[in-house]
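Peer 1: query-v4.txt is the file, holding compact mmCIF, C-alpha atoms:
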# COMPACT_ATOMS: atom_id res chain seq x y z
CA VAL A 276 -3.81 -11.12 74.06
CA ILE A 277 -3.43 -7.85 75.93
CA PRO A 278 0.14 -6.63 76.62
CA SER A 279 0.93 -4.72 79.80
CA SER A 280 3.60 -2.16 80.49
CA ASP A 281 5.57 -4.47 82.80
CA GLY A 282 6.26 -7.18 80.24
CA TYR A 283 3.34 -9.47 80.94
CA GLU A 284 0.65 -10.40 78.46
CA PHE A 285 -2.85 -11.30 79.56
CA VAL A 286 -5.41 -13.36 77.68
CA SER A 287 -9.03 -12.70 78.60
CA PHE A 288 -12.09 -14.85 78.03
CA THR A 289 -15.42 -13.04 78.33
CA PRO A 290 -19.04 -14.23 78.01
CA THR A 291 -20.25 -14.63 74.44
CA ASP A 292 -23.44 -12.97 75.66
CA PRO A 293 -22.16 -10.13 77.90
CA SER A 294 -23.92 -9.39 81.17
CA ASP A 295 -25.27 -5.96 82.07
CA GLY A 296 -23.87 -6.27 85.58
CA ALA A 297 -20.37 -6.85 86.91
CA VAL A 298 -19.29 -10.51 86.89
CA PRO A 299 -16.80 -12.47 89.04
CA ILE A 300 -13.27 -13.18 87.88
CA PHE A 301 -11.42 -16.47 87.48
CA LEU A 302 -7.63 -16.09 87.38
CA PHE A 303 -6.09 -19.15 85.73
CA GLN A 304 -2.51 -20.35 85.26
CA SER A 305 -1.83 -22.83 82.47
CA GLY A 306 0.35 -25.88 82.97
CA HIS A 307 4.06 -25.83 82.19
CA GLY A 308 4.82 -26.21 78.50
CA SER A 309 1.40 -24.89 77.53
CA SER A 310 -0.45 -21.59 77.26
CA ALA A 311 -3.91 -20.05 77.29
CA LYS A 312 -4.44 -21.54 73.83
CA SER A 313 -4.10 -25.03 75.32
CA HIS A 314 -7.10 -24.37 77.56
CA GLU A 315 -9.16 -22.19 75.23
CA LEU A 316 -12.19 -24.49 75.06
CA LEU A 317 -12.28 -24.98 78.83
CA LEU A 318 -11.90 -21.31 79.69
CA GLN A 319 -14.43 -20.05 77.15
CA LYS A 320 -17.01 -22.51 78.47
CA ILE A 321 -16.43 -21.15 81.99
CA ALA A 322 -16.66 -17.54 80.76
CA ASN A 323 -19.94 -18.23 78.96
CA GLU A 324 -21.53 -19.10 82.31
CA GLY A 325 -21.14 -15.50 83.46
CA PHE A 326 -17.48 -14.98 84.38
CA VAL A 327 -14.37 -13.31 83.03
CA VAL A 328 -11.28 -15.51 82.90
CA ILE A 329 -7.78 -14.01 82.85
CA VAL A 330 -4.62 -15.98 81.99
CA PRO A 331 -1.16 -14.47 82.46
CA GLN A 332 1.03 -15.37 79.49
CA HIS A 333 4.66 -16.25 80.06
CA ALA A 334 7.26 -16.16 77.32
CA ASN A 335 9.02 -19.27 75.98
CA ASP A 336 6.61 -21.76 77.49
CA THR A 337 4.89 -23.29 74.47
CA GLY A 338 5.91 -25.91 71.96
CA ASN A 339 6.27 -23.24 69.27
CA ASN A 340 8.47 -20.94 71.28
CA ILE A 341 10.55 -23.00 73.67
CA SER A 342 14.29 -22.37 73.90
CA CYS A 343 15.33 -25.94 73.15
CA ASP A 344 16.21 -27.59 69.82
CA GLU A 345 14.98 -31.04 70.82
CA PRO A 346 11.72 -32.51 69.44
CA PRO A 347 8.66 -32.13 71.71
CA ASN A 348 8.99 -35.43 73.56
CA LYS A 349 12.66 -34.69 74.34
CA LYS A 350 11.80 -31.17 75.51
CA ALA A 351 9.25 -32.53 77.93
CA ALA A 352 11.57 -35.25 79.20
CA SER A 353 14.35 -32.76 79.86
CA VAL A 354 11.97 -30.64 81.92
CA VAL A 355 10.55 -33.42 84.08
CA PHE A 356 13.32 -35.95 84.42
CA GLU A 357 16.50 -33.90 84.10
CA GLY A 358 15.31 -30.76 85.85
CA ALA A 359 16.25 -28.61 82.86
CA THR A 360 15.00 -25.05 82.98
CA ILE A 361 14.10 -24.49 79.35
CA ALA A 362 11.18 -22.14 79.80
CA GLU A 363 9.90 -19.52 82.16
CA LEU A 364 8.18 -21.13 85.13
CA GLN A 365 5.13 -19.98 87.03
CA THR A 366 5.20 -21.41 90.53
CA ASP A 367 5.66 -18.63 93.08
CA GLY A 368 2.34 -16.78 92.80
CA THR A 369 3.71 -13.72 91.01
CA HIS A 370 2.13 -14.38 87.59
CA LEU A 371 -1.40 -14.55 88.98
CA ALA A 372 -0.68 -11.62 91.31
CA ALA A 373 0.31 -9.59 88.23
CA ALA A 374 -2.92 -10.66 86.53
CA LEU A 375 -4.93 -9.49 89.55
CA ASP A 376 -3.12 -6.14 89.61
CA TRP A 377 -3.76 -5.74 85.89
CA VAL A 378 -7.49 -6.43 86.24
CA LYS A 379 -7.79 -3.93 89.07
CA SER A 380 -6.06 -1.29 86.95
CA GLN A 381 -8.58 -1.45 84.09
CA LYS A 382 -10.62 1.68 83.50
CA ASP A 383 -14.17 1.40 84.82
CA ASP A 384 -13.44 -2.27 85.70
CA MET A 385 -14.01 -3.23 82.06
CA VAL A 386 -12.28 -6.24 80.48
CA GLY A 387 -13.04 -7.05 76.85
CA GLY A 388 -16.30 -5.12 76.99
CA GLN A 389 -17.49 -6.86 80.16
CA LYS A 390 -17.65 -5.16 83.55
CA VAL A 391 -15.98 -7.19 86.31
CA ASP A 392 -16.39 -7.30 90.08
CA THR A 393 -12.88 -7.14 91.54
CA SER A 394 -14.20 -8.14 94.97
CA LYS A 395 -15.18 -11.58 93.64
CA ILE A 396 -12.11 -13.51 92.57
CA VAL A 397 -11.27 -17.20 92.40
CA THR A 398 -7.73 -18.25 91.48
CA GLY A 399 -6.77 -21.56 89.94
CA GLY A 400 -4.68 -23.55 87.51
CA PHE A 401 -3.84 -26.82 85.83
CA SER A 402 -0.92 -29.17 86.55
CA ALA A 403 2.16 -27.07 87.43
CA GLY A 404 -0.09 -24.02 87.21
CA CYS A 405 -1.72 -25.27 90.42
CA VAL A 406 1.55 -24.62 92.27
CA GLU A 407 1.32 -21.02 91.11
CA ALA A 408 -2.34 -20.82 92.14
CA ILE A 409 -1.77 -22.31 95.59
CA CYS A 410 1.05 -19.84 96.25
CA HIS A 411 -1.02 -16.96 94.95
CA ALA A 412 -4.01 -17.82 97.15
CA ALA A 413 -1.81 -18.36 100.19
CA ASP A 414 0.22 -15.18 99.81
CA ALA A 415 -2.52 -12.81 98.64
CA LYS A 416 -3.87 -10.01 100.81
CA PRO A 417 -6.47 -11.47 103.21
CA GLY A 418 -9.94 -11.21 101.72
CA SER A 419 -8.75 -10.58 98.15
CA ILE A 420 -9.16 -14.19 96.99
CA SER A 421 -12.47 -15.98 97.62
CA GLY A 422 -11.59 -19.49 96.46
CA LEU A 423 -9.08 -21.81 94.82
CA ALA A 424 -9.77 -24.30 91.99
CA CYS A 425 -7.05 -26.78 91.00
CA ILE A 426 -7.15 -29.25 88.11
CA SER A 427 -4.79 -32.21 88.57
CA PRO A 428 -2.00 -30.45 90.51
CA SER A 429 1.53 -31.50 89.56
CA THR A 430 3.00 -31.31 93.05
CA ALA A 431 5.02 -34.54 93.34
CA LEU A 432 8.47 -34.65 94.91
CA PHE A 433 10.17 -35.63 91.65
CA VAL A 434 9.19 -32.37 89.91
CA GLU A 435 10.30 -30.05 92.73
CA LYS A 436 13.53 -29.12 90.94
CA SER A 437 11.89 -28.70 87.55
CA TYR A 438 8.98 -26.61 88.79
CA GLN A 439 10.98 -24.77 91.46
CA PHE A 440 8.95 -25.38 94.61
CA LYS A 441 9.13 -27.32 97.87
CA ARG A 442 6.33 -29.82 98.36
CA SER A 443 6.54 -29.58 102.15
CA GLU A 444 6.05 -25.81 101.98
CA LEU A 445 3.18 -26.20 99.54
CA LYS A 446 1.40 -28.62 101.85
CA GLU A 447 1.76 -26.19 104.74
CA LYS A 448 0.09 -23.53 102.62
CA THR A 449 -2.86 -25.79 101.77
CA LYS A 450 -3.30 -26.80 105.41
CA ALA A 451 -3.61 -23.13 106.36
CA PHE A 452 -6.35 -22.25 103.85
CA THR A 453 -9.57 -20.76 105.21
CA ILE A 454 -11.13 -20.24 101.78
CA PRO A 455 -13.16 -22.95 99.97
CA THR A 456 -11.14 -25.03 97.52
CA LEU A 457 -11.91 -27.37 94.61
CA TRP A 458 -9.73 -30.28 93.47
CA ILE A 459 -10.35 -32.06 90.15
CA THR A 460 -8.84 -35.39 89.06
CA ALA A 461 -9.79 -38.72 87.40
CA GLU A 462 -9.38 -42.41 88.17
CA GLU A 463 -6.05 -42.98 86.40
CA ASP A 464 -4.93 -39.36 86.30
CA LEU A 465 -1.16 -38.91 86.41
CA CYS A 466 -1.63 -36.59 89.40
CA ASN A 467 -4.45 -38.47 91.12
CA PHE A 468 -2.51 -39.13 94.32
CA GLU A 469 -1.30 -35.54 94.54
CA THR A 470 -4.83 -34.20 94.04
CA LEU A 471 -6.22 -36.41 96.80
CA ASP A 472 -3.34 -35.56 99.12
CA MET A 473 -3.84 -31.81 98.72
CA PHE A 474 -7.62 -32.13 99.16
CA LYS A 475 -7.07 -34.19 102.30
CA ASP A 476 -5.04 -31.41 103.93
CA VAL A 477 -7.58 -28.61 103.50
CA GLU A 478 -10.00 -28.33 106.43
CA THR A 479 -12.26 -25.57 105.11
CA LYS A 480 -15.95 -26.48 105.04
CA GLY A 481 -17.20 -26.88 101.48
CA THR A 482 -13.84 -28.00 100.10
CA THR A 483 -14.67 -30.43 97.30
CA LEU A 484 -13.00 -33.24 95.38
CA VAL A 485 -14.30 -34.27 91.94
CA SER A 486 -12.89 -37.48 90.44
CA PHE A 487 -14.07 -38.22 86.90
CA ARG A 488 -14.40 -41.66 85.34
CA ASP A 489 -11.69 -42.24 82.76
CA ASP A 490 -14.04 -43.68 80.16
CA ILE A 491 -15.87 -40.37 79.66
CA LEU A 492 -12.67 -38.46 78.92
CA ASP A 493 -11.20 -37.42 75.56
CA CYS A 494 -7.74 -38.98 75.79
CA SER A 495 -6.84 -38.39 72.13
CA LEU A 496 -4.08 -35.85 72.96
CA LYS A 497 -4.95 -34.11 69.68
CA LEU A 498 -5.06 -30.56 71.04
CA THR A 499 -2.36 -31.31 73.60
CA GLU A 500 0.10 -32.15 70.81
CA GLU A 501 -0.94 -29.10 68.81
CA PHE A 502 -0.66 -26.51 71.57
CA SER A 503 1.95 -27.75 74.07
CA ILE A 504 5.30 -29.51 74.42
CA TRP A 505 3.52 -32.72 75.48
CA GLY A 506 2.33 -35.54 73.27
CA ALA A 507 1.74 -39.22 72.61
CA GLU A 508 5.34 -40.25 73.24
CA ASN A 509 5.19 -38.72 76.72
CA ALA A 510 1.90 -40.48 77.37
CA ALA A 511 3.38 -43.81 76.32
CA GLU A 512 6.16 -43.36 78.87
CA ASN A 513 3.94 -41.95 81.62
CA PRO A 514 0.72 -43.82 82.44
CA GLY A 515 -1.98 -41.31 83.24
CA MET A 516 -0.62 -38.47 81.08
CA ALA A 517 -3.44 -38.69 78.52
CA VAL A 518 -6.04 -38.66 81.32
CA HIS A 519 -4.24 -35.73 82.97
CA MET A 520 -4.37 -33.63 79.79
CA ALA A 521 -7.95 -34.67 78.98
CA LEU A 522 -9.24 -32.93 82.10
CA ALA A 523 -8.33 -29.46 80.85
CA CYS A 524 -6.93 -29.47 77.32
CA GLU A 525 -8.95 -31.59 74.90
CA GLU A 526 -12.09 -30.97 72.84
CA GLN A 527 -14.40 -32.87 75.21
CA VAL A 528 -13.05 -31.09 78.28
CA VAL A 529 -14.86 -31.80 81.58
CA ALA A 530 -13.42 -29.47 84.23
CA ASP A 531 -15.69 -26.56 83.32
CA LYS A 532 -18.79 -27.95 85.07
CA PRO A 533 -17.24 -28.36 88.53
CA ILE A 534 -15.49 -24.99 88.29
CA VAL A 535 -18.69 -23.17 87.29
CA SER A 536 -20.60 -24.88 90.11
CA PHE A 537 -17.83 -24.01 92.58
CA MET A 538 -17.77 -20.35 91.58
CA LYS A 539 -21.54 -20.00 91.70
CA ARG A 540 -21.57 -21.58 95.17
CA THR A 541 -18.70 -19.38 96.33
CA PHE A 542 -20.48 -16.20 95.26
CA ASP A 543 -24.03 -17.43 95.95
CA ILE A 544 -25.14 -16.98 92.33
CA SER A 545 -28.68 -18.21 91.75
CA THR A 546 -29.17 -17.04 88.17
CA GLY A 547 -28.90 -19.40 85.21
CA GLY A 548 -30.33 -22.29 87.17
CA GLY A 549 -28.08 -21.76 90.18
CA PRO A 550 -24.84 -23.64 90.82
CA GLY A 551 -26.06 -27.07 89.74
CA PRO A 552 -24.11 -30.23 90.61
CA PHE A 553 -20.33 -30.38 90.46
CA ALA A 554 -20.69 -33.27 88.00
CA ASP A 555 -23.28 -35.77 86.83
CA GLU A 556 -23.46 -38.78 89.15
CA SER A 557 -22.74 -41.11 86.24
CA ASP A 558 -19.56 -39.20 85.30
CA ALA A 559 -17.73 -38.61 88.57
CA VAL A 560 -17.46 -39.17 92.31
CA VAL A 561 -17.88 -35.96 94.32
CA VAL A 562 -16.68 -35.64 97.91
CA THR A 563 -17.44 -32.43 99.85
CA LYS A 564 -16.15 -31.75 103.35
CA THR A 565 -18.47 -30.74 106.19
CA ASP A 566 -17.42 -29.22 109.51
CA THR A 567 -16.46 -32.58 110.97
CA LEU A 568 -15.66 -34.68 107.90
CA THR A 569 -12.04 -35.70 107.38
CA TYR A 570 -10.48 -38.49 105.34
CA THR A 571 -7.37 -40.61 105.37
CA MET A 572 -5.74 -41.29 102.00
CA LEU A 573 -6.95 -44.91 102.06
CA GLU A 574 -10.52 -43.76 102.71
CA LEU A 575 -10.34 -41.34 99.78
CA LEU A 576 -8.94 -43.96 97.45
CA ALA A 577 -11.75 -46.29 98.43
CA ARG A 578 -14.36 -43.58 97.79
CA ILE A 579 -13.27 -42.78 94.24
CA GLN A 580 -12.65 -46.31 92.94
Represent the structure of the file as structure tokens.

Peer 2:
Amino acid sequence: VIPSSDGYEFVSFTPTDPSDGAVPIFLFQSGHGSSAKSHELLLQKIANEGFVVIVPQHANDTGNNISCDEPPNKKAASVVFEGATIAELQTDGTHLAAALDWVKSQKDDMVGGQKVDTSKIVTGGFSAGCVEAICHAADAKPGSISGLACISPSTALFVEKSYQFKRSELKEKTKAFTIPTLWITAEEDLCNFETLDMFKDVETKGTTLVSFRDDILDCSLKLTEEFSIWGAENAAENPGMAVHMALACEEQVVADKPIVSFMKRTFDISTGGGPGPFADESDAVVVTKTDTLTYTMLELLARIQ
């Protein structure tokens, strides 16, 4: 964890085997009620493929530090269903913008002993963190962000109040994207519909949807319960929650492969075997848009079943 002078803290993940050259950057926002620790396995796996990952930390947004005396399942319920603001939210693009400014301010473009290329940046997030990432990509200086990668975006109408955004405005932002985007979900993911709906709106060539099979996922919630406000009681009340968390938070995490492939394609990286597939054919359905390819929601649902 690296503190900054303006009150932010940044967590960096660098390759275990550092590269001699400058590597691209993945800016990542965690989901609400979690932190960089919740996604440590995912983000280190991405970094080890030749990237530096930066996560802006936000105070009072983990199970250990939340300003609420209720047990974890009650904390989570008060956030989602009652619209309670019990932790700092990250949904207007400013957290990731601060992370980008911090990276660009580092001496000799060095982060954790690894040189970075500040002209090659993908922004992304998980769950509510996708709202932050979408806003960051949409509002950033033209040319400063090369791509967007979202894991199971929590962008439904019923969480607008809790996560402090307007879905209609968010959809207008996605429709206007000219950068490539990646959308990751699973068959019974809590945010499956939202992921498909956002993917459907983006017209940029190369925009890709990856939908994993549920039976390959680690739905134990073990790490989710340890490092966030969410847990088994929430999953029992919300079908799809365990699948949602499995995509980015558990030991057998799967979102790293599509993100690495997406970043290598975005920056035309041929080393290390090149981009490789977004996912193994036996593990997921992959849909990539061409110049003329568009889908209705019913067509997308039929493709991923």

Peer 1: Could you give me, as a Markdown table, every stretch 386-419 of chain A residue with an atom at most 9 Å from stretch 441-450 of chain A, plus its closest atom pair and distance in Å to one decimal, counting all atoms listed in the file, rows ordered by chain then number?

Peer 2:
| residue | atom | partner | partner_atom | distance |
| --- | --- | --- | --- | --- |
| A:Val406 | CA | A:Leu445 | CA | 7.6 |
| A:Ile409 | CA | A:Thr449 | CA | 7.2 |
| A:Cys410 | CA | A:Lys448 | CA | 7.4 |
| A:Ala412 | CA | A:Lys448 | CA | 8.9 |
| A:Ala413 | CA | A:Lys448 | CA | 6.0 |
| A:Asp414 | CA | A:Lys448 | CA | 8.8 |

Peer 1: Give me, as JSON lines, the closest atom pair and its distance (Å, one decimal) for every residue of stretch 439-523 of chain A within a cut-off of 8 Å of stretch 300-321 of chain A, counting all atoms listed in the file, rows sorted by chain and rising number.

Peer 2:
{"residue": "A:Leu498", "atom": "CA", "partner": "A:Ser313", "partner_atom": "CA", "distance": 7.1}
{"residue": "A:Thr499", "atom": "CA", "partner": "A:Ser313", "partner_atom": "CA", "distance": 6.7}
{"residue": "A:Phe502", "atom": "CA", "partner": "A:Ser313", "partner_atom": "CA", "distance": 5.3}
{"residue": "A:Ser503", "atom": "CA", "partner": "A:Ser309", "partner_atom": "CA", "distance": 4.5}
{"residue": "A:Ile504", "atom": "CA", "partner": "A:Gly308", "partner_atom": "CA", "distance": 5.3}
{"residue": "A:Trp505", "atom": "CA", "partner": "A:Gly308", "partner_atom": "CA", "distance": 7.3}
{"residue": "A:Ala523", "atom": "CA", "partner": "A:His314", "partner_atom": "CA", "distance": 6.2}

Peer 1: Between atom CA of A:Ser294 and atom CA of A:Gln389, what is the distance, to one decimal in Å?

Peer 2: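 Atom-to-atom, atom CA of A:Ser294 and atom CA of A:Gln389 are spaced 7.0 Å apart.
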
Peer 1: Of the residues A:Gly387, A:Gly399, A:Pro331, A:Pro550, which is the one nearest to A:His370, using all atoms listed in the file?

Peer 2: A:Pro331

Peer 1: So that I can see what lies close to A:Pro455, please list as number ranges by chain the residues with an atom at most 7 Å from it, counting all atoms listed in the file and leaving out residues fewer than 4 positions away in the same chain.

Peer 2: A: 422-423, 479-482

Peer 1: Pull C-alpha atoms from the residues just selected and write them as a CSV table (one decimal), in the frame of the given file.

Peer 2:
chain,number,residue,atom,x,y,z
A,422,GLY,CA,-11.6,-19.5,96.5
A,423,LEU,CA,-9.1,-21.8,94.8
A,479,THR,CA,-12.3,-25.6,105.1
A,480,LYS,CA,-16.0,-26.5,105.0
A,481,GLY,CA,-17.2,-26.9,101.5
A,482,THR,CA,-13.8,-28.0,100.1

Peer 1: Between atom CA of A:Leu484 and atom CA of A:Val298, what is the distance in Å, rounded to a tenth?

Peer 2: 25.1 Å

Peer 1: For A:Glu435, which residue among A:Trp377, A:Thr366, A:Thr398, A:Phe474 is the nearest when counting all atoms listed in the file?

Peer 2: A:Thr366

Peer 1: Enter the distance from atom CA of A:Val330 to atom CA of A:Lys436, in Å, rounded to one decimal.

Peer 2: 24.1 Å

Peer 1: Enumerate, as number ranges by chain, the protein, DNA and RNA residues whose atoms approach (-20.2, -29.0, 87.2) to within 6 Å, taking into account all atoms listed in the file and the coordinate frame of the file.

Peer 2: A: 532-533, 536, 552-554

Peer 1: Using all atoms listed in the file, pick whichever of A:Thr393, A:Leu457, A:Ser421, A:Gly296 has the shortest atom-to-atom distance to A:Asp531.

Peer 2: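 Going through A:Thr393, A:Leu457, A:Ser421, A:Gly296 one by one, the smallest distance to A:Asp531 is for A:Leu457.
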
Peer 1: Just the residues within 12 Å of A:Asp392, please, counting all atoms listed in the file, with nothing from its chain fewer than 3 positions along; format it as JSON, numbers by chain.

Peer 2: {"A": [294, 296, 297, 298, 299, 300, 301, 325, 326, 327, 375, 378, 379, 381, 383, 384, 385, 386, 389, 395, 396, 397, 419, 542]}

Peer 1: As a PDB file, keeping the file's coordinate frame, could you write out stretch 375-390 of chain A once it has been completed with N, CA, C and O atoms?

Peer 2:
ATOM      1  N   LEU A 375      -3.967 -10.160  88.667  1.00  0.00           N
ATOM      2  CA  LEU A 375      -4.930  -9.490  89.550  1.00  0.00           C
ATOM      3  C   LEU A 375      -4.696  -7.980  89.550  1.00  0.00           C
ATOM      4  O   LEU A 375      -5.649  -7.188  89.468  1.00  0.00           O
ATOM      5  N   ASP A 376      -3.441  -7.576  89.634  1.00  0.00           N
ATOM      6  CA  ASP A 376      -3.120  -6.140  89.610  1.00  0.00           C
ATOM      7  C   ASP A 376      -3.576  -5.524  88.291  1.00  0.00           C
ATOM      8  O   ASP A 376      -4.097  -4.403  88.268  1.00  0.00           O
ATOM      9  N   TRP A 377      -3.375  -6.265  87.206  1.00  0.00           N
ATOM     10  CA  TRP A 377      -3.760  -5.740  85.890  1.00  0.00           C
ATOM     11  C   TRP A 377      -5.277  -5.560  85.807  1.00  0.00           C
ATOM     12  O   TRP A 377      -5.762  -4.528  85.326  1.00  0.00           O
ATOM     13  N   VAL A 378      -6.031  -6.531  86.279  1.00  0.00           N
ATOM     14  CA  VAL A 378      -7.490  -6.430  86.240  1.00  0.00           C
ATOM     15  C   VAL A 378      -7.954  -5.215  87.040  1.00  0.00           C
ATOM     16  O   VAL A 378      -8.814  -4.445  86.597  1.00  0.00           O
ATOM     17  N   LYS A 379      -7.378  -5.041  88.207  1.00  0.00           N
ATOM     18  CA  LYS A 379      -7.790  -3.930  89.070  1.00  0.00           C
ATOM     19  C   LYS A 379      -7.409  -2.570  88.499  1.00  0.00           C
ATOM     20  O   LYS A 379      -7.963  -1.553  88.914  1.00  0.00           O
ATOM     21  N   SER A 380      -6.486  -2.561  87.535  1.00  0.00           N
ATOM     22  CA  SER A 380      -6.060  -1.290  86.950  1.00  0.00           C
ATOM     23  C   SER A 380      -6.896  -0.877  85.739  1.00  0.00           C
ATOM     24  O   SER A 380      -6.722   0.228  85.219  1.00  0.00           O
ATOM     25  N   GLN A 381      -7.806  -1.740  85.302  1.00  0.00           N
ATOM     26  CA  GLN A 381      -8.580  -1.450  84.090  1.00  0.00           C
ATOM     27  C   GLN A 381      -9.615  -0.346  84.328  1.00  0.00           C
ATOM     28  O   GLN A 381     -10.305  -0.352  85.346  1.00  0.00           O
ATOM     29  N   LYS A 382      -9.703   0.551  83.383  1.00  0.00           N
ATOM     30  CA  LYS A 382     -10.620   1.680  83.500  1.00  0.00           C
ATOM     31  C   LYS A 382     -12.058   1.198  83.595  1.00  0.00           C
ATOM     32  O   LYS A 382     -12.498   0.348  82.819  1.00  0.00           O
ATOM     33  N   ASP A 383     -12.754   1.719  84.585  1.00  0.00           N
ATOM     34  CA  ASP A 383     -14.170   1.400  84.820  1.00  0.00           C
ATOM     35  C   ASP A 383     -14.404  -0.099  85.041  1.00  0.00           C
ATOM     36  O   ASP A 383     -15.508  -0.605  84.833  1.00  0.00           O
ATOM     37  N   ASP A 384     -13.338  -0.819  85.442  1.00  0.00           N
ATOM     38  CA  ASP A 384     -13.440  -2.270  85.700  1.00  0.00           C
ATOM     39  C   ASP A 384     -13.962  -3.022  84.483  1.00  0.00           C
ATOM     40  O   ASP A 384     -14.694  -4.012  84.612  1.00  0.00           O
ATOM     41  N   MET A 385     -13.563  -2.599  83.288  1.00  0.00           N
ATOM     42  CA  MET A 385     -14.010  -3.230  82.060  1.00  0.00           C
ATOM     43  C   MET A 385     -12.887  -4.095  81.468  1.00  0.00           C
ATOM     44  O   MET A 385     -11.752  -3.639  81.304  1.00  0.00           O
ATOM     45  N   VAL A 386     -13.208  -5.335  81.140  1.00  0.00           N
ATOM     46  CA  VAL A 386     -12.280  -6.240  80.480  1.00  0.00           C
ATOM     47  C   VAL A 386     -12.969  -6.825  79.251  1.00  0.00           C
ATOM     48  O   VAL A 386     -13.983  -7.515  79.368  1.00  0.00           O
ATOM     49  N   GLY A 387     -12.457  -6.518  78.070  1.00  0.00           N
ATOM     50  CA  GLY A 387     -13.040  -7.050  76.850  1.00  0.00           C
ATOM     51  C   GLY A 387     -14.499  -6.709  76.670  1.00  0.00           C
ATOM     52  O   GLY A 387     -15.271  -7.527  76.154  1.00  0.00           O
ATOM     53  N   GLY A 388     -14.910  -5.551  77.119  1.00  0.00           N
ATOM     54  CA  GLY A 388     -16.300  -5.120  76.990  1.00  0.00           C
ATOM     55  C   GLY A 388     -17.221  -5.628  78.073  1.00  0.00           C
ATOM     56  O   GLY A 388     -18.430  -5.362  78.036  1.00  0.00           O
ATOM     57  N   GLN A 389     -16.690  -6.342  79.053  1.00  0.00           N
ATOM     58  CA  GLN A 389     -17.490  -6.860  80.160  1.00  0.00           C
ATOM     59  C   GLN A 389     -17.033  -6.249  81.485  1.00  0.00           C
ATOM     60  O   GLN A 389     -15.846  -6.261  81.797  1.00  0.00           O
ATOM     61  N   LYS A 390     -17.981  -5.712  82.241  1.00  0.00           N
ATOM     62  CA  LYS A 390     -17.650  -5.160  83.550  1.00  0.00           C
ATOM     63  C   LYS A 390     -17.384  -6.300  84.526  1.00  0.00           C
ATOM     64  O   LYS A 390     -18.100  -7.305  84.534  1.00  0.00           O
TER      65      LYS A 390
END
